[in-house]
file structure.txt (compact mmCIF, C-alpha atoms)
# COMPACT_ATOMS: atom_id res chain seq x y z
CA MET A 228 32.16 -200.38 -238.37
CA ILE A 229 34.18 -197.98 -236.26
CA ALA A 230 31.08 -195.78 -236.04
CA ASP A 231 29.11 -198.76 -234.74
CA LEU A 232 31.66 -199.49 -232.05
CA VAL A 233 31.78 -195.82 -231.01
CA PHE A 234 27.99 -195.76 -230.87
CA LEU A 235 27.97 -198.91 -228.75
CA ALA A 236 30.52 -197.44 -226.35
CA VAL A 237 28.53 -194.20 -226.04
CA LEU A 238 25.41 -196.25 -225.50
CA LEU A 239 26.93 -198.24 -222.66
CA LEU A 240 28.45 -195.15 -221.06
CA GLY A 241 25.21 -193.23 -221.36
CA LEU A 242 22.91 -196.02 -220.22
CA LYS A 243 21.89 -194.10 -217.13
CA TRP A 244 20.76 -191.19 -219.30
CA ILE A 245 19.23 -193.38 -221.95
CA LYS A 246 17.12 -195.53 -219.60
CA PRO A 247 14.65 -192.82 -218.62
CA LEU A 248 14.65 -191.41 -222.17
CA ALA A 249 13.69 -194.76 -223.60
CA GLY A 250 11.35 -195.62 -220.76
CA ILE A 251 13.41 -198.69 -219.96
CA ASP A 252 12.42 -200.40 -216.75
CA PHE A 253 14.42 -203.59 -216.82
CA SER A 254 15.89 -205.29 -213.81
CA TRP A 255 18.32 -208.19 -214.24
CA ALA A 256 17.55 -209.38 -210.70
CA ARG A 257 13.88 -209.91 -211.50
CA LEU A 258 14.74 -212.66 -213.99
CA GLY A 259 15.03 -216.25 -212.76
CA GLN A 260 18.45 -217.85 -212.32
CA LYS A 261 17.95 -220.19 -215.27
CA GLU A 262 16.92 -217.33 -217.55
CA GLN A 263 19.97 -215.34 -216.45
CA GLN A 264 22.27 -218.26 -217.28
CA ILE A 265 20.68 -218.71 -220.71
CA LEU A 266 21.02 -215.00 -221.45
CA ILE A 267 24.69 -215.03 -220.46
CA ALA A 268 25.31 -218.01 -222.77
CA VAL A 269 23.46 -216.25 -225.62
CA VAL A 270 25.42 -213.02 -225.15
CA ALA A 271 28.75 -214.87 -224.94
CA ALA A 272 28.02 -216.87 -228.10
CA SER A 273 26.78 -213.78 -229.95
CA LEU A 274 29.82 -211.69 -229.00
CA LEU A 275 32.20 -214.45 -230.13
CA GLY A 276 30.29 -214.81 -233.39
CA TRP A 277 30.45 -211.05 -233.94
CA LEU A 278 34.15 -211.02 -233.14
CA SER A 279 34.75 -213.84 -235.61
CA ILE A 280 33.02 -211.89 -238.37
CA LEU A 281 34.96 -208.74 -237.52
CA ILE A 282 38.29 -210.59 -237.59
CA HIS A 283 37.44 -212.26 -240.89
CA ASN A 284 36.54 -208.93 -242.43
CA ASP A 285 39.65 -207.26 -241.01
CA PHE A 286 37.38 -205.10 -238.86
CA ARG A 287 35.92 -203.44 -241.91
CA GLY A 288 32.33 -204.48 -241.15
CA PHE A 289 29.83 -206.99 -242.42
CA SER A 290 29.98 -208.11 -246.02
CA GLU A 291 27.01 -209.20 -248.07
CA PRO A 292 26.76 -212.97 -248.53
CA LYS A 293 28.30 -213.97 -251.82
CA PRO A 294 26.16 -216.20 -254.04
CA ASP A 295 27.53 -219.58 -255.03
CA THR A 296 27.00 -219.71 -258.77
CA LYS A 297 28.75 -222.94 -259.57
CA THR A 298 25.91 -225.25 -260.48
CA VAL A 299 22.26 -225.28 -261.47
CA ARG A 300 20.45 -228.09 -259.70
CA GLY A 301 18.97 -230.77 -261.90
CA LYS A 302 20.60 -229.40 -265.03
CA MET B 118 3.39 -208.16 -211.22
CA ARG B 119 3.45 -206.06 -214.33
CA SER B 120 7.17 -205.20 -214.09
CA GLN B 121 8.00 -208.85 -213.55
CA SER B 122 6.09 -209.69 -216.68
CA ARG B 123 8.11 -207.17 -218.68
CA GLU B 124 11.46 -208.86 -217.99
CA GLU B 125 10.06 -212.26 -218.84
CA LEU B 126 8.41 -210.82 -221.93
CA LEU B 127 11.69 -209.41 -223.26
CA TYR B 128 13.46 -212.65 -222.46
CA GLY B 129 10.68 -214.67 -224.10
CA LEU B 130 10.85 -212.48 -227.20
CA LEU B 131 14.57 -213.17 -227.55
CA VAL B 132 14.08 -216.92 -227.13
CA GLY B 133 11.16 -216.87 -229.57
CA ILE B 134 13.18 -215.02 -232.22
CA TYR B 135 16.04 -217.50 -231.92
CA VAL B 136 13.64 -220.45 -232.20
CA ALA B 137 12.10 -218.93 -235.34
CA PHE B 138 15.36 -218.08 -237.11
CA LEU B 139 17.31 -221.16 -236.02
CA GLY B 140 14.31 -223.19 -237.18
CA ALA B 141 14.40 -221.35 -240.50
CA LEU B 142 18.05 -222.36 -240.87
CA VAL B 143 17.10 -226.03 -240.51
CA VAL B 144 14.12 -225.62 -242.84
CA ARG B 145 16.36 -224.06 -245.49
CA LEU B 146 18.77 -226.95 -245.19
CA ILE B 147 15.89 -229.41 -245.62
CA LEU B 148 14.54 -227.45 -248.60
CA ARG B 149 17.95 -227.43 -250.27
CA VAL B 150 18.56 -231.15 -249.75
CA PHE B 151 14.99 -232.12 -250.59
CA SER B 152 14.83 -230.00 -253.77
CA GLY B 153 18.22 -231.24 -254.90
CA ALA B 154 17.25 -234.89 -254.39
CA LEU B 155 13.88 -234.48 -256.09
CA LEU B 156 15.36 -232.66 -259.06
CA GLN B 157 18.03 -235.31 -259.46
CA ALA B 158 15.43 -238.06 -259.28
CA VAL B 159 12.67 -236.65 -261.49
CA ALA B 160 14.52 -234.24 -263.79
CA PRO B 161 15.64 -236.98 -266.23
CA LEU B 162 11.95 -237.69 -266.90
CA SER B 163 10.72 -234.11 -267.06
CA ALA B 164 12.64 -231.12 -265.76
CA THR B 165 9.52 -228.95 -265.63
CA LEU B 166 7.59 -231.56 -263.66
CA ALA B 167 10.46 -231.91 -261.21
CA ILE B 168 10.64 -228.16 -260.67
CA ALA B 169 6.86 -227.89 -260.21
CA LEU B 170 6.88 -230.76 -257.69
CA ALA B 171 9.80 -229.30 -255.73
CA ALA B 172 8.20 -225.85 -255.70
CA VAL B 173 4.78 -227.04 -254.49
CA LEU B 174 6.02 -229.52 -251.89
CA GLY B 175 8.59 -227.02 -250.61
CA ALA B 176 5.93 -224.31 -250.35
CA PHE B 177 3.79 -226.64 -248.21
CA LEU B 178 6.75 -227.26 -245.90
CA VAL B 179 7.33 -223.51 -245.59
CA LEU B 180 3.66 -222.85 -244.82
CA ALA B 181 3.63 -225.59 -242.19
CA PHE B 182 6.78 -224.24 -240.53
CA VAL B 183 5.63 -220.62 -240.52
CA GLY B 184 2.18 -221.63 -239.26
CA GLY B 185 3.80 -223.60 -236.42
CA ILE B 186 6.06 -220.70 -235.51
CA ARG B 187 3.13 -218.30 -235.45
CA TYR B 188 1.14 -220.64 -233.21
CA LEU B 189 4.06 -221.17 -230.85
CA LEU B 190 5.03 -217.51 -230.56
CA THR B 191 1.46 -216.32 -230.17
CA HIS B 192 0.71 -218.75 -227.36
CA CYS B 193 4.03 -218.33 -225.59
CA LEU B 194 4.26 -214.57 -225.77
CA THR B 195 0.93 -212.86 -226.30
CA ALA B 196 -1.52 -215.13 -224.54
CA ALA B 197 0.47 -217.62 -222.41
CA THR B 198 -2.57 -219.84 -222.19
CA LEU B 199 -0.89 -223.19 -222.72
CA PRO B 200 0.99 -224.29 -219.57
CA PRO B 201 3.59 -226.50 -221.33
CA SER B 202 4.36 -223.92 -224.06
CA TRP B 203 7.13 -222.07 -222.21
CA THR B 204 8.98 -225.33 -221.51
CA LEU B 205 8.36 -226.52 -225.06
CA LEU B 206 9.86 -223.30 -226.42
CA HIS B 207 13.06 -223.96 -224.45
CA ARG B 208 13.20 -227.61 -225.53
CA ILE B 209 13.01 -226.53 -229.17
CA LEU B 210 15.66 -223.82 -228.58
CA GLY B 211 18.00 -226.37 -227.00
CA THR B 212 17.53 -228.85 -229.85
CA LEU B 213 18.09 -226.17 -232.48
CA ALA B 214 21.22 -224.95 -230.72
CA LEU B 215 22.56 -228.52 -230.82
CA VAL B 216 21.74 -228.73 -234.54
CA LEU B 217 23.53 -225.41 -235.04
CA VAL B 218 26.65 -226.78 -233.33
CA ILE B 219 26.59 -229.95 -235.48
CA LEU B 220 26.07 -227.95 -238.68
CA SER B 221 28.92 -225.62 -237.69
CA LEU B 222 31.26 -228.56 -237.07
CA PHE B 223 30.60 -229.72 -240.64
CA GLY B 224 30.47 -226.26 -242.20
CA LEU B 225 33.29 -224.36 -240.50
CA PRO B 226 36.22 -226.34 -241.98
CA ARG B 227 34.92 -225.42 -245.44
CA SER B 228 33.96 -221.85 -244.55
CA GLY B 229 37.15 -220.25 -245.78
CA LEU B 230 37.50 -218.12 -242.65
CA GLN B 231 40.92 -216.79 -241.67
CA SER B 232 42.62 -218.90 -238.99
CA LEU B 233 41.99 -216.54 -236.06
CA ALA B 234 38.41 -215.94 -237.17
CA LEU B 235 37.95 -219.71 -237.51
CA ALA B 236 39.29 -220.28 -233.99
CA THR B 237 36.88 -217.67 -232.63
CA ALA B 238 34.04 -219.30 -234.55
CA TYR B 239 34.90 -222.67 -232.97
CA LEU B 240 35.09 -220.95 -229.58
CA GLN B 241 31.57 -219.66 -230.18
CA LEU B 242 30.36 -223.26 -230.15
CA LEU B 243 31.20 -223.65 -226.45
CA PRO B 244 28.66 -221.13 -225.10
CA THR B 245 26.24 -222.40 -227.75
CA LEU B 246 26.60 -225.89 -226.28
CA VAL B 247 26.07 -224.48 -222.80
CA LEU B 248 22.98 -222.69 -224.11
CA ALA B 249 21.68 -225.98 -225.55
CA TYR B 250 22.23 -227.75 -222.23
CA LEU B 251 20.53 -224.99 -220.21
CA ALA B 252 17.57 -224.82 -222.56
CA LEU B 253 17.13 -228.60 -222.67
CA THR B 254 17.20 -228.81 -218.87
CA TYR B 255 14.78 -225.92 -218.39
CA PRO B 256 12.45 -226.88 -215.51
CA LYS B 257 9.10 -228.35 -216.48
CA GLY B 258 5.96 -226.56 -215.53
CA HIS B 259 7.50 -223.12 -215.17
CA GLN B 260 5.34 -220.45 -216.73
CA PRO B 261 5.62 -216.69 -216.53
CA ASN B 262 2.67 -214.60 -215.43
CA ASN B 263 -0.31 -215.93 -217.28
CA HIS B 264 -2.11 -212.77 -218.18
CA PRO B 265 -2.86 -211.76 -221.75
CA LEU B 266 -0.77 -208.81 -222.81
CA GLY B 267 -2.52 -205.58 -223.54
CA GLY B 268 -1.66 -202.00 -224.38
CA ARG B 269 1.67 -200.96 -225.77
CA GLU B 270 3.56 -204.06 -224.57
CA GLY B 271 1.06 -206.31 -226.31
CA ASP B 272 1.27 -204.25 -229.51
CA LEU B 273 5.06 -204.40 -229.60
CA THR B 274 5.05 -208.13 -228.91
CA ARG B 275 2.62 -208.68 -231.76
CA LEU B 276 4.86 -206.46 -233.90
CA VAL B 277 7.79 -208.81 -233.28
CA VAL B 278 5.63 -211.85 -234.04
CA ASP B 279 4.24 -210.27 -237.23
CA LEU B 280 7.66 -209.16 -238.48
CA THR B 281 9.06 -212.64 -237.82
CA VAL B 282 6.16 -214.54 -239.37
CA TRP B 283 5.72 -212.39 -242.49
CA GLY B 284 9.45 -212.05 -242.99
CA LEU B 285 10.04 -215.80 -242.76
CA LEU B 286 7.03 -216.56 -244.94
CA LEU B 287 8.19 -214.47 -247.89
CA GLY B 288 11.88 -215.13 -247.29
CA LEU B 289 11.52 -218.91 -247.23
CA LEU B 290 9.13 -218.93 -250.19
CA ALA B 291 11.64 -216.88 -252.19
CA TYR B 292 14.40 -219.25 -251.08
CA GLN B 293 12.35 -222.28 -252.08
CA ALA B 294 11.49 -220.76 -255.46
CA CYS B 295 15.21 -220.24 -256.03
CA VAL B 296 16.56 -223.64 -254.90
CA SER B 297 13.80 -225.50 -256.74
CA ASN B 298 14.90 -223.83 -259.98
CA THR B 299 11.50 -222.13 -260.38
CA LEU B 300 13.12 -218.70 -260.62
CA TYR B 301 15.67 -220.12 -263.03
CA LEU B 302 12.89 -221.46 -265.23
CA LEU B 303 11.00 -218.16 -265.17
CA PHE B 304 13.67 -215.47 -265.00
CA ARG B 305 17.03 -217.27 -265.37
CA ILE B 306 17.86 -216.47 -261.74
CA HIS B 307 20.53 -218.90 -260.57
CA PRO B 308 19.85 -221.18 -257.53
CA GLY B 309 23.21 -220.08 -256.15
CA GLU B 310 21.59 -216.72 -255.35
CA SER B 311 19.09 -218.33 -252.98
CA GLU B 312 20.58 -216.69 -249.86
CA PHE B 313 20.29 -213.26 -251.45
CA TYR B 314 16.63 -213.85 -252.36
CA TYR B 315 15.95 -215.24 -248.90
CA GLN B 316 17.10 -211.96 -247.39
CA GLU B 317 15.23 -209.87 -249.95
CA GLY B 318 12.05 -211.88 -249.27
CA LEU B 319 12.60 -211.49 -245.55
CA ARG B 320 12.70 -207.72 -245.86
CA ALA B 321 9.72 -207.63 -248.23
CA GLY B 322 7.72 -209.69 -245.70
CA MET B 323 8.70 -207.35 -242.88
CA LEU B 324 7.58 -204.38 -244.97
CA ILE B 325 4.16 -206.00 -245.41
CA ALA B 326 4.01 -206.68 -241.66
CA LEU B 327 4.64 -202.99 -240.98
CA TRP B 328 1.28 -202.24 -242.62
CA LEU B 329 -0.67 -205.03 -240.96
CA THR B 330 0.25 -204.76 -237.31
CA PRO B 331 -1.50 -202.34 -234.91
CA ALA B 332 1.76 -201.23 -233.25
CA THR B 333 2.69 -199.15 -236.30
CA LEU B 334 -0.55 -197.16 -236.42
CA GLY B 335 0.33 -193.52 -236.78
CA ALA B 336 3.84 -194.24 -237.99
CA ARG B 337 3.39 -196.45 -241.01
CA TRP B 338 4.53 -194.05 -243.71
CA MET B 339 7.42 -192.85 -241.59
CA MET B 340 8.56 -196.38 -240.75
CA THR B 341 8.13 -197.44 -244.38
CA ILE B 342 10.41 -194.61 -245.48
CA ALA B 343 12.98 -195.51 -242.80
CA PHE B 344 12.75 -199.20 -243.73
CA LEU B 345 13.13 -198.59 -247.46
CA VAL B 346 16.10 -196.27 -246.94
CA ASP B 347 17.77 -198.92 -244.78
CA TRP B 348 17.02 -201.58 -247.42
CA LYS B 349 17.85 -199.80 -250.64
CA GLY B 350 19.46 -196.57 -249.44
CA ASP B 351 22.92 -197.64 -250.56
CA LEU B 352 21.70 -197.37 -254.16
CA LEU B 353 21.26 -193.63 -253.56
CA VAL B 354 24.12 -192.73 -251.23
CA SER B 355 27.24 -194.34 -249.81
CA ALA B 356 26.38 -196.99 -247.19
CA ASN B 357 28.03 -194.88 -244.48
CA PHE B 358 25.52 -192.09 -245.07
CA VAL B 359 22.40 -194.30 -245.03
CA PRO B 360 21.68 -193.66 -241.30
CA LEU B 361 22.00 -189.90 -241.91
CA LEU B 362 19.63 -190.08 -244.89
CA GLN B 363 17.25 -192.11 -242.74
CA PHE B 364 17.31 -189.48 -240.00
CA VAL B 365 16.74 -186.57 -242.39
CA LEU B 366 13.82 -188.31 -244.12
CA VAL B 367 12.23 -189.31 -240.80
CA TRP B 368 12.54 -185.72 -239.62
CA LEU B 369 11.03 -184.41 -242.87
CA SER B 370 8.15 -186.86 -242.63
CA LEU B 371 7.39 -185.67 -239.09
CA ALA B 372 7.97 -181.96 -239.64
CA PRO B 373 4.63 -181.03 -241.26
CA PHE B 374 2.67 -182.54 -238.38
CA MET B 375 4.60 -181.27 -235.39
CA SER B 376 6.23 -178.15 -234.04
CA ALA B 377 9.86 -177.78 -235.08
CA GLN B 378 11.11 -178.66 -231.61
CA GLY B 379 8.74 -181.60 -231.15
CA GLY B 380 9.49 -182.92 -234.62
CA LEU B 381 13.21 -182.76 -233.98
CA ARG B 382 12.82 -184.54 -230.62
CA ALA B 383 10.71 -187.25 -232.20
CA ALA B 384 13.18 -187.66 -235.05
CA LEU B 385 16.08 -187.82 -232.58
CA ARG B 386 14.40 -190.57 -230.60
CA ILE B 387 13.46 -192.52 -233.69
CA GLY B 388 16.92 -192.01 -235.17
CA PHE B 389 18.39 -193.22 -231.91
CA GLY B 390 16.08 -196.25 -232.02
CA LEU B 391 17.15 -197.05 -235.59
CA CYS B 392 20.87 -196.81 -234.74
CA LEU B 393 20.44 -198.84 -231.56
CA GLY B 394 18.40 -201.39 -233.51
CA ARG B 395 21.17 -201.71 -236.07
CA ILE B 396 23.71 -202.57 -233.36
CA VAL B 397 21.37 -204.81 -231.37
CA GLY B 398 20.28 -206.61 -234.55
CA ARG B 399 23.89 -207.34 -235.49
CA LEU B 400 24.73 -208.54 -232.01
CA ILE B 401 21.80 -210.91 -231.55
CA GLY B 402 22.07 -212.06 -235.16
CA ALA B 403 25.72 -213.02 -234.71
CA LEU B 404 24.65 -216.13 -232.79
CA LEU B 405 22.90 -217.51 -235.82
CA LEU B 406 24.94 -218.06 -238.89
CA GLY B 407 28.22 -216.22 -238.95
CA GLN B 408 28.34 -213.84 -241.89
CA GLU B 409 24.69 -214.34 -242.71
CA GLY B 410 23.22 -213.81 -239.25
CA PRO B 411 23.59 -210.08 -238.58
CA PRO B 412 21.78 -208.82 -241.69
CA LEU B 413 18.84 -211.12 -240.90
CA LEU B 414 17.83 -209.49 -237.63
CA GLU B 415 18.99 -205.93 -238.28
CA PRO B 416 15.81 -204.64 -239.97
CA MET B 417 13.54 -206.19 -237.36
CA ALA B 418 15.50 -204.78 -234.42
CA GLU B 419 15.52 -201.33 -236.07
CA VAL B 420 11.75 -201.27 -236.52
CA VAL B 421 10.98 -202.54 -233.04
CA LEU B 422 13.36 -200.22 -231.19
CA ALA B 423 12.37 -197.17 -233.24
CA LEU B 424 8.69 -197.81 -232.54
CA TRP B 425 9.45 -198.53 -228.91
CA LEU B 426 10.81 -195.00 -228.55
CA PHE B 427 8.25 -193.38 -230.83
CA PRO B 428 5.06 -193.72 -228.73
CA LEU B 429 6.55 -191.64 -225.91
CA ILE B 430 6.15 -188.67 -228.23
CA GLN B 431 3.00 -189.97 -229.81
CA GLN B 432 1.16 -190.38 -226.51
CA GLN B 433 2.50 -187.40 -224.64
CA GLN B 434 2.30 -184.71 -227.27
CA HIS B 435 0.30 -185.85 -230.24
CA PRO B 436 -2.44 -188.32 -229.50
CA HIS B 437 -3.69 -188.25 -233.09
CA ASP B 438 -2.39 -190.14 -236.06
CA PHE B 439 -0.16 -187.59 -237.71
CA THR B 440 1.81 -189.39 -240.35
CA SER B 441 -0.79 -191.62 -241.94
CA GLN B 442 -4.50 -191.84 -242.45
CA ASN B 443 -4.78 -195.57 -241.96
CA ALA B 444 -6.04 -195.75 -238.38

call {"tool": "encode", "arguments": {"input": "structure.txt", "output": "structure tokens"}}
result
Amino acid sequence: MIADLVFLAVLLLGLKWIKPLAGIDFSWARLGQKEQQILIAVVAASLLGWLSILIHNDFRGFSEPKPDTKTVRGK
Amino acid sequence: MRSQSREELLYGLLVGIYVAFLGALVVRLILRVFSGALLQAVAPLSATLAIALAAVLGAFLVLAFVGGIRYLLTHCLTAATLPPSWTLLHRILGTLALVLVILSLFGLPRSGLQSLALATAYLQLLPTLVLAYLALTYPKGHQPNNHPLGGREGDLTRLVVDLTVWGLLLGLLAYQACVSNTLYLLFRIHPGESEFYYQEGLRAGMLIALWLTPATLGARWMMTIAFLVDWKGDLLVSANFVPLLQFVLVWLSLAPFMSAQGGLRAALRIGFGLCLGRIVGRLIGALLLGQEGPPLLEPMAEVVLALWLFPLIQQQQHPHDFTSQNA
């Protein structure tokens, strides 16, 4: 998980270098106002969801979903 | 005009993915409730009949949902020929976001999250509500540039659609087979493992899509290796070393066809795409379902971003198919 966060930080810091490497030609201003607002809401919700998972896992990373093996339906 | 289309295309892809996977969440809930009710009702008469009924009816629901998603995504993203489709996509997104909030309000108190994590999860519902409002009030009649997508952008868009459709098809069928007790009847696999089989089916479907979509031409074997290492690599090495194993195997798969320098550059870009995809997949998946969300979108984001970076090498240096013979 720490490696992911480091990678993300490097990515953000190196965006100027990465954009031409990846052929990224994306301009925030070219999106409509409504689309921008929706994207901001999506990013905010996603970051909070990610943070919740990280806190729950004590910042160790994502755990595999644990199967509920209590009952067999119809049995 | 073309650059404007690119921003709207990326935005549309994100909205389309959320519609597909949030819709799959609702479909899974329906399948679980429906199968449970049917089994309770019919099982006293004949357990086998009840299981067969639940399996067949559930499979029809899955096929209808996946068919609808394919139709919607194809018309909204790759052709844009239906004027109301863009608005419709947002209406569905808004409704699904509302459903997600309601499900979370019921599910979170029983989620067993630590208190701070639970508070953050509740906090997540606020921007989700804002998202629902914005999507539901999206202006009618707005449509991005109505030209059919061609070239590399069109290929990558179809790649996203194919990965989503095939992944959801196999994932939901596996889920349905599990919750309807079909897998229990055949292999003694417990219905409680339905989420695990949903994710396994999802990945299996995406692997099939890798071989069916034109965007992967020239990179199918390489992407298959990378995908399989990401999927099952932790059986071979520690999970922390899976990205390294991925990089080495991608480099080895490229090496025989390219100069040492070119092969290394290609592997670096693809390795970068895979790592970036892992992070992006986790981030955009975190909106969906808490613990379950990130692993859902990780493999798809890895494939798309790796292939997005790959053609720069493919087109500039090696125009021929150099890692597979399936062109």

call {"tool": "closest_atom_pairs", "arguments": {"input": "structure.txt", "of": "chain B", "to": "chain A", "cutoff": "8 Å", "atoms": "all atoms listed in the file", "output": "Markdown table"}}
result
| residue | atom | partner | partner_atom | distance |
| --- | --- | --- | --- | --- |
| B:Ser120 | CA | A:Asp252 | CA | 7.6 |
| B:Gln121 | CA | A:Arg257 | CA | 6.3 |
| B:Arg123 | CA | A:Phe253 | CA | 7.5 |
| B:Glu124 | CA | A:Phe253 | CA | 6.2 |
| B:Glu125 | CA | A:Leu258 | CA | 6.8 |
| B:Tyr128 | CA | A:Glu262 | CA | 7.6 |
| B:Gly153 | CA | A:Arg300 | CA | 6.2 |
| B:Leu156 | CA | A:Gly301 | CA | 5.0 |
| B:Gln157 | CA | A:Gly301 | CA | 5.2 |
| B:Ala160 | CA | A:Gly301 | CA | 6.0 |
| B:Ala164 | CA | A:Gly301 | CA | 7.4 |
| B:Leu230 | CA | A:His283 | CA | 6.1 |
| B:Gln231 | CA | A:His283 | CA | 5.8 |
| B:Leu233 | CA | A:Ile282 | CA | 7.2 |
| B:Ala234 | CA | A:Ser279 | CA | 4.5 |
| B:Leu235 | CA | A:Ser279 | CA | 7.0 |
| B:Thr237 | CA | A:Ser279 | CA | 5.3 |
| B:Ala238 | CA | A:Ser279 | CA | 5.6 |
| B:Leu240 | CA | A:Leu275 | CA | 7.1 |
| B:Gln241 | CA | A:Ala272 | CA | 5.0 |
| B:Leu242 | CA | A:Ala272 | CA | 7.1 |
| B:Leu243 | CA | A:Ala272 | CA | 7.7 |
| B:Pro244 | CA | A:Ala268 | CA | 5.1 |
| B:Thr245 | CA | A:Ala272 | CA | 5.8 |
| B:Val247 | CA | A:Ala268 | CA | 6.5 |
| B:Leu248 | CA | A:Ala268 | CA | 5.4 |
| B:Leu251 | CA | A:Ile265 | CA | 6.3 |
| B:Ala252 | CA | A:Ile265 | CA | 7.1 |
| B:Tyr255 | CA | A:Lys261 | CA | 7.3 |
| B:Val296 | CA | A:Arg300 | CA | 7.6 |
| B:Ser297 | CA | A:Arg300 | CA | 7.7 |
| B:Asn298 | CA | A:Arg300 | CA | 7.0 |
| B:His307 | CA | A:Val299 | CA | 6.7 |
| B:Pro308 | CA | A:Val299 | CA | 6.2 |
| B:Gly309 | CA | A:Asp295 | CA | 4.5 |
| B:Glu310 | CA | A:Pro294 | CA | 4.8 |
| B:Ser311 | CA | A:Pro294 | CA | 7.5 |
| B:Glu312 | CA | A:Pro294 | CA | 7.0 |
| B:Phe313 | CA | A:Pro294 | CA | 7.1 |
| B:Ile396 | CA | A:Asp231 | CA | 6.8 |
| B:Arg399 | CA | A:Trp277 | CA | 7.7 |
| B:Leu400 | CA | A:Ser273 | CA | 6.0 |
| B:Ile401 | CA | A:Ser273 | CA | 6.0 |
| B:Gly402 | CA | A:Ser273 | CA | 7.2 |
| B:Ala403 | CA | A:Ser273 | CA | 4.9 |
| B:Leu404 | CA | A:Ser273 | CA | 4.3 |
| B:Leu405 | CA | A:Ser273 | CA | 8.0 |
| B:Gly407 | CA | A:Gly276 | CA | 6.1 |
| B:Gln408 | CA | A:Ile280 | CA | 6.2 |
| B:Glu409 | CA | A:Pro292 | CA | 6.3 |
| B:Pro411 | CA | A:Phe289 | CA | 8.0 |
| B:Trp425 | CA | A:Ala249 | CA | 7.8 |
| B:Leu426 | CA | A:Ala249 | CA | 5.7 |

call {"tool": "atom_distance", "arguments": {"input": "structure.txt", "atom1": "atom CA of B:Val132", "atom2": "atom CA of B:Leu206"}}
result
7.7 Å

call {"tool": "closest_residue", "arguments": {"input": "structure.txt", "among": "B:Leu290, B:Ser232, B:Cys295, B:His207", "to": "B:Phe177", "atoms": "all atoms listed in the file"}}
result
B:Leu290

call {"tool": "atom_distance", "arguments": {"input": "structure.txt", "atom1": "atom CA of B:Pro412", "atom2": "atom CA of B:Leu381"}}
result
28.5 Å

call {"tool": "residues_around", "arguments": {"input": "structure.txt", "residues": "B:Leu285", "least_positions_apart": "3", "cutoff": "8 Å", "atoms": "only C-alpha atoms", "output": "PyMOL selection string"}}
result
chain B and resi 141+183+281-282+288-289+318-319+322

call {"tool": "atom_distance", "arguments": {"input": "structure.txt", "atom1": "atom CA of B:Ala167", "atom2": "atom CA of B:Phe182"}}
result
22.4 Å

call {"tool": "closest_residue", "arguments": {"input": "structure.txt", "among": "B:Thr274, B:Asn357, B:Thr204, B:Gln363", "to": "B:Leu345", "atoms": "all atoms listed in the file"}}
result
B:Gln363

call {"tool": "residues_near_point", "arguments": {"input": "structure.txt", "point": "(10.5, -221.5, -259.3)", "cutoff": "10 Å", "atoms": "all atoms listed in the file", "output": "list in words"}}
result
Thr165, Ile168, Ala169, Ala171, Ala172, Val173, Leu290, Ala291, Tyr292, Gln293, Ala294, Cys295, Val296, Ser297, Asn298, Thr299, Leu300, Tyr301, Leu302, Leu303, Phe304, Arg305, Ile306 and Pro308 of chain B
